[in-house]
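The structure appears below as structure tokens.
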Amino acid sequence: MNSLEKNSSTPASEFQENLEILRQTYFFSGLPLETLKIFAYLCTTEKFRQGEHIFRQDEDDGQAFYILDGQARLERTDNGKTHEIRDYKPGQFIGGLTLLGETRRLFSLKSVADTTCLVLNRGKFSKTMEQFPNLLTRICNAVAQSIDTWEDRFLSDRGDQCGGCMSRLGVTLI
């Protein structure tokens, strides 16, 4: 699994750091401060050693990660062959959709250097959202905007080089 270790900073400063990170993360940025404070309190800090999996393909771990330090590589295994997709570095948020519902991971994420992540799990997220159900619309809007921005950027950057993949685009239409 992973090597769970708490951040050595004081609880008050860790809370403030978590709060600031959530305020700047697209997924949470539209939420009121009071709700962000609850999520900042519920987050944990986990450390993963080089070579350790943060999550594995085909599992539903129900966790979202914000990389604080280190580097992690996204991989996908098909027919016994592992393909490296891309690397994630500090400041990147991964897995927000897993907070919204049961989702099987389509990829694995493996630390390629000692990596520290801020983690929020689906159970804690769901219990908090039950208390603030009207805020789910704000999160859905943030996710929809992120998907739209991604697909627009993909079309602008690589649309003409995509070849057969064009027929598979249209994620924003779901």
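Residue numbering restarts at 1 for every chain of the structure tokens, chains are lettered A, B, ... in their displayed order, and ligands are numbered from 1 as they appear.
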Determine which residues of range 90-136 of chain A receive a DSSP assignment of helix (DSSP H, G or I), computed from the backbone, and state them as an mmCIF file with C-alpha atoms, in the first residue's frame.
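Wrote it out as selection.cif, contents follow:
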```cif
data_model
loop_
_atom_site.group_PDB
_atom_site.id
_atom_site.type_symbol
_atom_site.label_atom_id
_atom_site.label_comp_id
_atom_site.auth_asym_id
_atom_site.auth_seq_id
_atom_site.Cartn_x
_atom_site.Cartn_y
_atom_site.Cartn_z
ATOM 1 C CA GLY A 96 -11.331 14.797 -8.164
ATOM 2 C CA LEU A 97 -13.938 12.716 -9.996
ATOM 3 C CA THR A 98 -13.373 9.842 -7.573
ATOM 4 C CA LEU A 99 -14.781 12.044 -4.820
ATOM 5 C CA LEU A 100 -18.102 12.325 -6.683
ATOM 6 C CA ARG A 122 -14.688 10.058 -0.816
ATOM 7 C CA GLY A 123 -16.229 9.112 2.519
ATOM 8 C CA LYS A 124 -15.187 12.344 4.217
ATOM 9 C CA PHE A 125 -16.061 14.369 1.126
ATOM 10 C CA SER A 126 -19.536 12.798 0.844
ATOM 11 C CA LYS A 127 -20.389 13.301 4.516
ATOM 12 C CA THR A 128 -19.437 16.948 4.256
ATOM 13 C CA MET A 129 -21.401 17.438 1.037
ATOM 14 C CA GLU A 130 -24.481 15.899 2.678
ATOM 15 C CA GLN A 131 -24.441 18.899 5.018
ATOM 16 C CA PRO A 133 -25.999 19.728 -0.836
ATOM 17 C CA ASN A 134 -26.470 23.031 -2.682
ATOM 18 C CA LEU A 135 -22.686 23.266 -3.156
ATOM 19 C CA LEU A 136 -22.538 20.207 -5.398
#
```
**Message:** I need the strand (DSSP E) residues of range 16-124 of chain A per DSSP on the backbone, written as a ChimeraX atom specification.
**Reply:** /A:44-48,53-55,63-78,81-88,93-94,108-121
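Compared by their closest atoms to Leu106 in chain A, and using only C-alpha atoms, the residues A:Leu74, A:Leu118, A:Ile54, A:Leu42 rank with A:Leu74 nearest.
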**Request:** Could you give me, as a PyMOL selection string, the residues within 9 Å of Val119 in chain A, counting only C-alpha atoms and dropping anything in the same chain fewer than 5 positions from it?
**Result:** chain A and resi 42-46+63-67
Please save C-alpha atoms of the selected residues as an mmCIF file, in the first residue's frame.
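Contents of the output file out.cif:
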```
data_model
loop_
_atom_site.group_PDB
_atom_site.id
_atom_site.type_symbol
_atom_site.label_atom_id
_atom_site.label_comp_id
_atom_site.auth_asym_id
_atom_site.auth_seq_id
_atom_site.Cartn_x
_atom_site.Cartn_y
_atom_site.Cartn_z
ATOM 1 C CA LEU A 42 -10.281 16.502 6.814
ATOM 2 C CA CYS A 43 -7.290 16.226 4.461
ATOM 3 C CA THR A 44 -4.358 14.041 5.408
ATOM 4 C CA THR A 45 -0.761 14.147 4.276
ATOM 5 C CA GLU A 46 0.713 10.921 2.921
ATOM 6 C CA GLN A 63 -9.177 9.343 -3.021
ATOM 7 C CA ALA A 64 -8.088 12.599 -4.607
ATOM 8 C CA PHE A 65 -4.474 13.746 -4.401
ATOM 9 C CA TYR A 66 -2.680 17.075 -4.536
ATOM 10 C CA ILE A 67 1.059 16.648 -5.027
#
```
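Nearest residue to Leu22 in chain A among A:Phe132, A:Phe154, A:Phe93, A:Phe55 is A:Phe93, counting only C-alpha atoms.
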**Counting only C-alpha atoms, the option among A:Thr115, A:Thr149, A:Ser108, A:Thr25 closest to Gln71 in chain A** =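 Using only C-alpha atoms, the shortest distance to Gln71 in chain A belongs to A:Thr115.
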Spatial neighbours of Ser111 in chain A, max dist 10 Å, only C-alpha atoms, sep filter under 6 positions, as a compact mmCIF listing (two decimals) with C-alpha atoms, in the first residue's frame:
```txt
# COMPACT_ATOMS: atom_id res chain seq x y z
CA LYS A 47 4.25 10.15 1.84
CA PHE A 48 5.12 7.62 -0.83
CA ARG A 49 8.59 6.25 -1.38
CA GLN A 50 10.15 6.16 -4.82
CA GLY A 51 8.67 3.22 -6.76
CA GLU A 52 5.57 2.96 -4.55
CA HIS A 53 2.11 3.08 -6.12
CA ILE A 54 -0.12 5.95 -5.05
CA PHE A 55 -3.04 4.19 -6.71
CA GLY A 70 8.14 14.89 -5.40
CA GLN A 71 7.05 13.44 -8.71
CA ALA A 72 4.63 10.73 -9.82
CA ARG A 73 4.15 8.97 -13.15
CA LEU A 74 0.82 8.05 -14.67
CA ASP A 87 4.53 12.86 -15.00
CA TYR A 88 2.85 14.91 -12.27
```
**Request:** List the neighbours of Leu68 in chain A out to 7 Å using only C-alpha atoms; skip same-chain residues closer than 3 positions along the sequence, and give me the result as a list in words.
**Result:**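 So the residues in contact are Pro90, Gly91, Thr116, Cys117 and Leu118 of chain A.
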Just the selected residues (all heavy atoms), exported as a tab-separated table (two decimals), in the first residue's frame, please.
```tsv
chain	number	residue	atom	x	y	z
A	90	PRO	N	4.74	18.79	-8.19
A	90	PRO	CA	4.07	19.57	-7.15
A	90	PRO	C	3.14	20.63	-7.73
A	90	PRO	O	3.44	21.25	-8.76
A	90	PRO	CB	5.24	20.23	-6.39
A	90	PRO	CG	6.35	19.24	-6.57
A	90	PRO	CD	6.19	18.71	-7.97
A	91	GLY	N	1.99	20.77	-7.07
A	91	GLY	CA	1.01	21.75	-7.50
A	91	GLY	C	-0.09	21.17	-8.37
A	91	GLY	O	-1.01	21.89	-8.76
A	116	THR	N	5.12	13.48	-1.59
A	116	THR	CA	4.20	13.81	-0.52
A	116	THR	C	2.93	14.37	-1.14
A	116	THR	O	2.99	15.25	-2.00
A	116	THR	CB	4.81	14.85	0.45
A	116	THR	OG1	6.07	14.35	0.91
A	116	THR	CG2	3.89	15.11	1.62
A	117	CYS	N	1.79	13.84	-0.69
A	117	CYS	CA	0.50	14.26	-1.24
A	117	CYS	C	-0.46	14.69	-0.12
A	117	CYS	O	-0.45	14.11	0.96
A	117	CYS	CB	-0.17	13.11	-1.99
A	117	CYS	SG	0.73	12.54	-3.44
A	118	LEU	N	-1.28	15.66	-0.45
A	118	LEU	CA	-2.43	16.00	0.37
A	118	LEU	C	-3.57	15.12	-0.15
A	118	LEU	O	-3.78	15.03	-1.37
A	118	LEU	CB	-2.77	17.48	0.19
A	118	LEU	CG	-3.81	18.07	1.12
A	118	LEU	CD1	-3.32	18.02	2.56
A	118	LEU	CD2	-4.12	19.50	0.70
```
